[in-house]
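> My structure is below; once you've seen it, I'll send some questions.
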Amino acid sequence: MTPFPLFGLPGQAAHERVLLATDPATGLKAILAVHSTARGPAFGGCRLWHYDTEADALHDALRLSQGMSLKNALADLPFGGGKAVILKPAGDFDRPALFAAFGRAVQSLQGAYITAEDVGTSTADMRGLQAHTRYVSGIPRDGAFGGDPSPKTAWGVFVAIQAGVRQVLGRASLDGVRVALQGLGAVGWHLAGFLHEAGAKLVVADVDAGKVARAVEQFGATPAPVAEILAADVDVLAPCALGASINEKTVPAIRARLVAGAANNQLATPADGDALQRRGICYLPDYLVNAGGIISVAREYRGEGEEAAVMAEVSRIAERVEELLQRVRAADSTPARVADDWARSKLVKPA
Ligand code: NAI
């Protein structure tokens with residue numbers, strides 16, 4: 001039987017705790033993975049997804065929660081890394097009841113894990129959780145900062161692209177820079193708006209043809225087939241759909257010189273980051289670039305949410321991109337590997 005990494009992913013530090021939560025009355029099956037609380041309580045979103053097997057769900061939870069440790073550390077947040085996945089029940093289900101049961105599971109960890117929205121969950125779900133746990137963020141509150149983190153994630157990706165374009169392409173502005181956007185969802189759409197405003201020329205693809213049509217109309221974007229967007233003749237590629245889009249099949253086809261996007265876990269394997277570098281393509285690690293959302297929900301959670309302050313903190317992603325690229329030059333390594341070492345060195349209590 002293939003060994004399964006119950007106590008951590010191969011070559012990685014073990015998770016501190018993993019809770020398998022079930023509730024027969026609502027059909028809840030959830031995995032709450034606390035990777036590290038070295039910097040503070042583990043903070044990361046809750047995903048509602050259909051998994052083919054329970055092992056797939058566990059693997060996703062372990063991988064994503066570890067990624068949150070690195071993301072939160074690199075963003076200098078006083079939080080550790082965690083993530084929850086809820087296995088989507090088959091057929092119809094009572095969503096509020098399911099989330100109530102999930103909220104009780106979050107509360108049972110007594111603050112070791114703080115949740116927020118992620119793929120498949122919404123601000124409405126987070127609002128519902130409030131009745132069952134204190135440890136939740138990403139909620140629109142009357143007269144206060146909070147809610148959907150996607151626009152802040154998009155802003156972080158935008159400033160990362162700006163910094164990358166300066167450093168890698170040697171261009172001072174995005175005016176006329178060609179950017180391919182894979183995915184025009186919550187983040188991709190906002191990012192398209194920011195890029196368009198800055199004068200970038202967009203090539204876009206989404207499995208939802210309606211979103212593509214709207215981008216053509218609103219942003220003068222050029223549509224591309226879903227199967228061809230990664231190979232578009234552009235300067236920058238921004239993957240904003242699902243993970244693992246950069247893999248051994250797609251790397252040889254990429255024509256952009258800079259890859260920077262919102263999708264989590266863009267590299268199928270670390271070797272794909274090496275392969276990009278060999279092709280002269282600079283890859284800005286996803287968890288550095290897409291930290292705007294967690295910065296937003298973390299500030300909201302701490303009651304420090306104020307639009308201008310949050311935007312200023314998210315904008316600091318650009319400085320980190322510059323610092324990363326300096327470190328890469330000094331280390332003669334790849335951005336993915338340097339970022340990984342940098343983030344791991346920060347998995348300690350902040351001073
Ligand atoms: P979303 O679900 O709103 O958007 C994803 C979009 O990608 C959808 O429009 C979908 O139709 C499209 N899509 C799916 N498969 C595709 C394909 N093969 N080719 C082209 N388009 C495809 O998700 P959201 O919130 O915009 O997130 C995008 C990515 O960024 C996800 O990987 C997410 O984990 C990551 N992320 C999101 C954050 C946030 O604040 N929403 C924060 C950090 C990471």
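Letters A, B, ... go to the chains of the structure tokens in the order shown; residues in each chain start at 1; ligands are counted from 1 in the same order.
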Find the residues near ligand 1. Use a cut-off of 9 Å, count only C-alpha atoms and all ligand atoms, and write them as number ranges by chain.
A: 45, 47, 117-120, 148-154, 181-190, 204-209, 211, 225-227, 229, 239-243, 245, 261-266, 286-287, 289-294, 296
> Using 8 Å as the limit and counting only C-alpha atoms, can you tabulate each residue of range 134-195 of chain A that touches range 297-319 of chain A, with its shortest atom-to-atom distance in Å and the two atoms involved, as a Markdown table?

| residue | atom | partner | partner_atom | distance |
| --- | --- | --- | --- | --- |
| A:Val136 | CA | A:Tyr301 | CA | 7.5 |
| A:Ser137 | CA | A:Tyr301 | CA | 5.5 |
| A:Gly138 | CA | A:Val297 | CA | 5.3 |
| A:Ala144 | CA | A:Gly305 | CA | 7.4 |
| A:Phe145 | CA | A:Gly305 | CA | 5.0 |
| A:Gly146 | CA | A:Glu300 | CA | 5.5 |
| A:Gly147 | CA | A:Val297 | CA | 7.5 |
| A:Pro149 | CA | A:Val297 | CA | 6.6 |
| A:Lys152 | CA | A:Val314 | CA | 7.1 |
| A:Trp155 | CA | A:Val314 | CA | 7.3 |
| A:Gly156 | CA | A:Val314 | CA | 5.6 |
| A:Val159 | CA | A:Ala318 | CA | 5.4 |
| A:Ala160 | CA | A:Ala318 | CA | 4.9 |
| A:Gln162 | CA | A:Ala318 | CA | 7.6 |
| A:Ala163 | CA | A:Ala318 | CA | 5.5 |
> Please return, as a ChimeraX atom specification, all residues of range 103-309 of chain A that DSSP assigns to helix (DSSP H, G or I) on the basis of the backbone.
/A:103-108,123-129,150-169,186-197,209-219,226-231,251-253,270-278,286-289,292-301,307-309
> So which residues of range 19-214 of chain A fall under strand (DSSP E or B) by DSSP, listed as an MDAnalysis selection string?
chainID A and resid 19:23 28:36 42:43 46:49 80:87 113:115 117 136 141 144 178:182 201:205
